[in-house]
$ cat protein-v8.cif   # mmCIF, C-alpha atoms
data_entry
#
loop_
_atom_site.label_atom_id
_atom_site.label_comp_id
_atom_site.auth_asym_id
_atom_site.auth_seq_id
_atom_site.Cartn_x
_atom_site.Cartn_y
_atom_site.Cartn_z
CA MET A 1 11.21 -34.23 -9.69
CA SER A 2 9.63 -37.47 -8.51
CA ASP A 3 6.57 -38.87 -10.29
CA ALA A 4 5.33 -40.44 -7.05
CA PRO A 5 1.96 -39.16 -5.82
CA THR A 6 2.14 -36.40 -3.25
CA PRO A 7 -0.17 -36.57 -0.21
CA ALA A 8 -2.54 -33.61 -0.07
CA SER A 9 -1.03 -32.50 3.24
CA ALA A 10 2.57 -32.64 2.02
CA PRO A 11 4.19 -29.35 0.96
CA ARG A 12 3.77 -28.80 -2.76
CA LEU A 13 6.19 -25.88 -2.88
CA TYR A 14 8.28 -23.41 -0.92
CA LEU A 15 6.97 -19.91 -0.31
CA ALA A 16 10.04 -17.67 -0.39
CA SER A 17 8.48 -14.97 1.76
CA ALA A 18 8.10 -14.20 5.44
CA SER A 19 4.83 -12.35 4.76
CA PRO A 20 2.01 -13.79 6.86
CA ARG A 21 -0.46 -12.38 4.33
CA ARG A 22 1.03 -14.41 1.47
CA ARG A 23 0.93 -17.53 3.60
CA GLU A 24 -2.71 -16.87 4.50
CA LEU A 25 -3.58 -16.47 0.82
CA LEU A 26 -1.97 -19.80 -0.09
CA GLN A 27 -3.83 -21.41 2.80
CA GLN A 28 -7.03 -19.83 1.49
CA ILE A 29 -6.75 -21.86 -1.73
CA GLY A 30 -5.69 -24.97 0.16
CA LEU A 31 -2.14 -25.19 -1.18
CA ALA A 32 0.19 -26.98 1.25
CA HIS A 33 3.57 -25.25 1.42
CA ASP A 34 6.62 -24.60 3.55
CA VAL A 35 7.92 -21.12 4.25
CA LEU A 36 11.50 -20.67 3.07
CA ARG A 37 13.23 -17.98 5.11
CA VAL A 38 16.05 -16.83 2.86
CA PRO A 39 18.33 -14.17 4.37
CA ALA A 40 17.49 -10.81 2.81
CA PRO A 41 20.16 -8.64 1.21
CA PRO A 42 21.34 -5.62 3.22
CA GLY A 43 18.77 -2.85 3.56
CA GLU A 44 15.00 -2.89 4.03
CA ASP A 45 14.18 -2.69 0.33
CA GLU A 46 16.25 -3.34 -2.75
CA PRO A 47 17.11 -0.06 -4.43
CA GLN A 48 15.54 0.94 -7.71
CA LEU A 49 18.16 1.07 -10.44
CA ALA A 50 18.88 4.28 -12.33
CA GLY A 51 16.47 4.59 -15.23
CA GLU A 52 14.46 1.55 -14.13
CA SER A 53 10.70 1.94 -14.37
CA ALA A 54 8.54 1.05 -11.39
CA ALA A 55 6.98 -1.85 -13.32
CA ASP A 56 10.41 -3.25 -14.25
CA TYR A 57 11.59 -2.77 -10.67
CA VAL A 58 8.88 -4.97 -9.13
CA ARG A 59 9.45 -7.71 -11.72
CA ARG A 60 13.19 -7.67 -11.09
CA THR A 61 12.91 -7.80 -7.31
CA ALA A 62 10.52 -10.78 -7.46
CA ARG A 63 12.88 -12.53 -9.86
CA ASP A 64 15.83 -11.80 -7.55
CA LYS A 65 13.95 -13.29 -4.60
CA ALA A 66 13.28 -16.48 -6.53
CA GLN A 67 16.89 -16.79 -7.65
CA ARG A 68 18.21 -16.23 -4.11
CA ALA A 69 15.84 -18.94 -2.90
CA VAL A 70 17.08 -21.39 -5.53
CA ALA A 71 20.66 -20.76 -4.42
CA TRP A 72 19.70 -21.08 -0.74
CA ILE A 73 18.08 -24.47 -1.27
CA ARG A 74 21.16 -25.67 -3.11
CA ASP A 75 23.59 -24.34 -0.50
CA GLN A 76 21.58 -25.69 2.44
CA HIS A 77 21.00 -29.07 0.75
CA LEU A 78 17.24 -28.80 1.21
CA ALA A 79 14.66 -30.94 -0.56
CA THR A 80 13.95 -29.79 -4.09
CA LEU A 81 10.49 -28.28 -4.50
CA PRO A 82 9.10 -25.51 -6.71
CA ILE A 83 9.64 -22.05 -5.25
CA LEU A 84 7.08 -19.25 -5.24
CA ALA A 85 8.33 -15.69 -4.75
CA ALA A 86 6.57 -12.36 -5.02
CA ASP A 87 7.15 -8.65 -4.62
CA THR A 88 4.60 -5.88 -4.17
CA THR A 89 5.17 -2.24 -4.99
CA VAL A 90 2.90 0.78 -4.58
CA ILE A 91 3.31 3.30 -7.39
CA LEU A 92 2.07 6.89 -7.27
CA ASP A 93 2.60 9.09 -10.32
CA GLY A 94 5.32 6.74 -11.53
CA ALA A 95 7.25 6.77 -8.24
CA VAL A 96 7.79 3.70 -6.06
CA LEU A 97 6.48 4.03 -2.51
CA GLY A 98 8.25 1.36 -0.50
CA LYS A 99 8.02 0.32 3.13
CA PRO A 100 8.22 3.31 5.50
CA ALA A 101 11.53 3.75 7.26
CA ASP A 102 9.90 5.27 10.36
CA ARG A 103 6.77 7.03 11.58
CA ALA A 104 7.56 10.30 9.81
CA ASP A 105 8.07 8.44 6.54
CA ALA A 106 4.79 6.55 7.01
CA LEU A 107 2.93 9.81 7.56
CA ARG A 108 4.55 11.30 4.47
CA ILE A 109 3.51 8.33 2.32
CA LEU A 110 -0.05 8.28 3.68
CA GLN A 111 -0.42 11.99 3.04
CA ALA A 112 0.74 11.50 -0.55
CA LEU A 113 -1.82 8.73 -1.07
CA SER A 114 -4.66 10.70 0.55
CA GLY A 115 -7.38 11.54 -1.95
CA ALA A 116 -5.40 10.06 -4.85
CA GLU A 117 -5.46 7.01 -7.06
CA HIS A 118 -2.38 4.81 -7.15
CA GLU A 119 -1.33 1.47 -8.60
CA VAL A 120 -0.26 -1.67 -6.79
CA HIS A 121 1.98 -3.95 -8.83
CA THR A 122 2.62 -7.47 -7.57
CA ALA A 123 5.01 -9.66 -9.53
CA VAL A 124 4.93 -13.41 -8.96
CA VAL A 125 7.70 -15.81 -9.94
CA LEU A 126 7.56 -19.61 -9.84
CA ALA A 127 10.94 -21.34 -10.03
CA VAL A 128 10.62 -24.97 -11.09
CA ASP A 129 12.91 -27.40 -12.92
CA GLY A 130 15.49 -24.71 -13.61
CA GLN A 131 13.00 -22.31 -15.17
CA LEU A 132 11.36 -19.09 -13.96
CA HIS A 133 7.70 -18.52 -14.79
CA GLU A 134 6.52 -14.95 -14.20
CA ALA A 135 3.26 -13.03 -13.94
CA LEU A 136 2.33 -9.47 -13.03
CA SER A 137 -0.83 -8.13 -11.39
CA VAL A 138 -1.66 -4.43 -11.69
CA THR A 139 -4.47 -2.98 -9.57
CA ARG A 140 -5.66 0.61 -9.38
CA VAL A 141 -6.61 1.73 -5.88
CA GLY A 142 -8.44 4.91 -4.94
CA MET A 143 -7.91 6.19 -1.41
CA ARG A 144 -10.29 8.75 0.03
CA ALA A 145 -8.96 11.94 1.54
CA THR A 146 -7.74 11.28 5.08
CA SER A 147 -7.14 13.75 7.87
CA GLN A 148 -3.89 14.22 9.74
CA ALA A 149 -5.59 12.84 12.86
CA GLU A 150 -6.67 9.69 10.99
CA ARG A 151 -3.17 9.16 9.65
CA GLU A 152 -1.70 9.66 13.13
CA ARG A 153 -4.09 7.11 14.63
CA TYR A 154 -3.31 4.66 11.86
CA CYS A 155 0.40 4.97 12.56
CA ASP A 156 -0.33 4.47 16.27
CA SER A 157 -1.77 1.04 15.35
CA GLY A 158 1.61 -0.04 13.97
CA GLU A 159 -0.05 -1.41 10.84
CA PRO A 160 1.76 0.78 8.26
CA PHE A 161 5.20 -0.56 9.10
CA GLY A 162 6.67 -3.33 6.99
CA LYS A 163 4.12 -2.72 4.23
CA ALA A 164 4.69 -1.23 0.80
CA GLY A 165 2.86 2.10 0.59
CA ALA A 166 2.50 2.18 4.39
CA TYR A 167 -0.90 0.47 4.47
CA GLY A 168 -2.57 -2.93 4.47
CA ILE A 169 -5.83 -3.15 2.55
CA GLN A 170 -6.97 -6.11 4.65
CA GLY A 171 -6.61 -4.21 7.93
CA LEU A 172 -7.63 -0.89 9.42
CA ALA A 173 -6.79 0.95 6.19
CA SER A 174 -9.73 -0.76 4.49
CA ALA A 175 -11.77 2.18 5.79
CA PHE A 176 -9.64 4.49 3.63
CA ILE A 177 -10.13 2.61 0.35
CA ALA A 178 -12.83 4.10 -1.87
CA HIS A 179 -12.47 1.69 -4.78
CA ILE A 180 -10.19 -0.81 -6.46
CA ALA A 181 -9.97 -2.04 -10.04
CA GLY A 182 -8.05 -5.28 -10.28
CA SER A 183 -6.95 -7.93 -7.81
CA TYR A 184 -7.74 -7.54 -4.10
CA SER A 185 -5.39 -10.42 -3.25
CA GLY A 186 -2.75 -8.76 -5.42
CA VAL A 187 -2.93 -5.66 -3.23
CA MET A 188 -2.54 -7.92 -0.20
CA GLY A 189 0.64 -9.31 -1.72
CA LEU A 190 -0.16 -12.42 -3.78
CA PRO A 191 -2.62 -12.27 -6.71
CA LEU A 192 -4.35 -15.63 -6.56
CA PHE A 193 -5.60 -15.67 -10.16
CA GLU A 194 -2.10 -15.13 -11.58
CA THR A 195 -0.57 -17.48 -9.02
CA ALA A 196 -3.00 -20.26 -9.90
CA ALA A 197 -2.18 -19.81 -13.59
CA LEU A 198 1.55 -20.17 -12.89
CA LEU A 199 0.94 -23.29 -10.80
CA ALA A 200 -1.15 -24.81 -13.59
CA ARG A 201 1.69 -24.24 -16.07
CA ALA A 202 3.93 -26.27 -13.76
CA ASP A 203 1.29 -28.99 -13.27
CA ILE A 204 0.92 -28.13 -9.58
CA GLN A 205 -2.69 -28.83 -8.71
CA ILE A 206 -4.70 -26.71 -6.31
CA PRO A 207 -7.18 -28.77 -4.26
#
$ encode --input "protein-v8.cif" --output "structure tokens"
Amino acid sequence: MSDAPTPASAPRLYLASASPRRRELLQQIGLAHDVLRVPAPPGEDEPQLAGESAADYVRRTARDKAQRAVAWIRDQHLATLPILAADTTVILDGAVLGKPADRADALRILQALSGAEHEVHTAVVLAVDGQLHEALSVTRVGMRATSQAERERYCDSGEPFGKAGAYGIQGLASAFIAHIAGSYSGVMGLPLFETAALLARADIQIP
């Protein structure tokens, strides 16, 4: 990588994610970046491998995203910059709750989470200079008991779709969350404490 100074407004890295929440979180800490839209593999979510724990699953999927992004930059002859990738998984009683396939699936997931405590694991991977630096955020989230009518209205909002665990803590579902222990930004999709630590290891300064 070049030793020339980088203007503050110039992209410091690629964000290998189409998530608007992750982009907002990077903007929150003032880190200039470009979004790298790497074609996703077939299917909405990568399957969990036989015998693979939920914690290992989220680490692997984040690592896979970073590696696909590295290959995409090479194949498309794009400028070389560090790549930040992440994956978020909601885990209830050891089972992965992914993005809902449809309304019925969203209602099923929300009912399972109702009145229960679950974990949100977000793995972050920084690919720089041929190396992968990894970190994992684990947050415990308690959701109050919700009624069928509340879950129906929440699905009517459209918010559950495209989100692991069928909810977004920063949106309407914030009214369902009784408590959290861990990283709020990690539940949103990008734990800023762990991300900042990875950036520091790669000498990428946050303003």
$ closest_residue --input "protein-v8.cif" --among "A:Asp105, A:Glu134, A:Asp34, A:Asp156" --to "Ala62 (chain A)" --atoms "only C-alpha atoms"
A:Glu134
$ closest_residue --input "protein-v8.cif" --among "A:Tyr14, A:Glu46, A:Gly158, A:Ala123" --to "Arg59 (chain A)" --atoms "only C-alpha atoms"
A:Ala123
$ closest_residue --input "protein-v8.cif" --among "A:Leu31, A:Leu113, A:Met143, A:Leu13" --to "Pro82 (chain A)" --atoms "all atoms listed in the file"
A:Leu13
$ atom_distance --input "protein-v8.cif" --atom1 "CA of Thr122 (chain A)" --atom2 "CA of Ser137 (chain A)"
5.2 Å
$ closest_residue --input "protein-v8.cif" --among "A:Cys155, A:Ala178, A:Ala32, A:Leu192" --to "Glu117 (chain A)" --atoms "all atoms listed in the file"
A:Ala178
$ closest_residue --input "protein-v8.cif" --among "A:Ala116, A:Ala95, A:Ala181, A:Ala127" --to "Thr80 (chain A)" --atoms "only C-alpha atoms"
A:Ala127
$ closest_residue --input "protein-v8.cif" --among "A:Lys163, A:Arg23, A:Arg144, A:His133" --to "Pro100 (chain A)" --atoms "only C-alpha atoms"
A:Lys163
$ atom_distance --input "protein-v8.cif" --atom1 "CA of His121 (chain A)" --atom2 "CA of Ala197 (chain A)"
17.1 Å
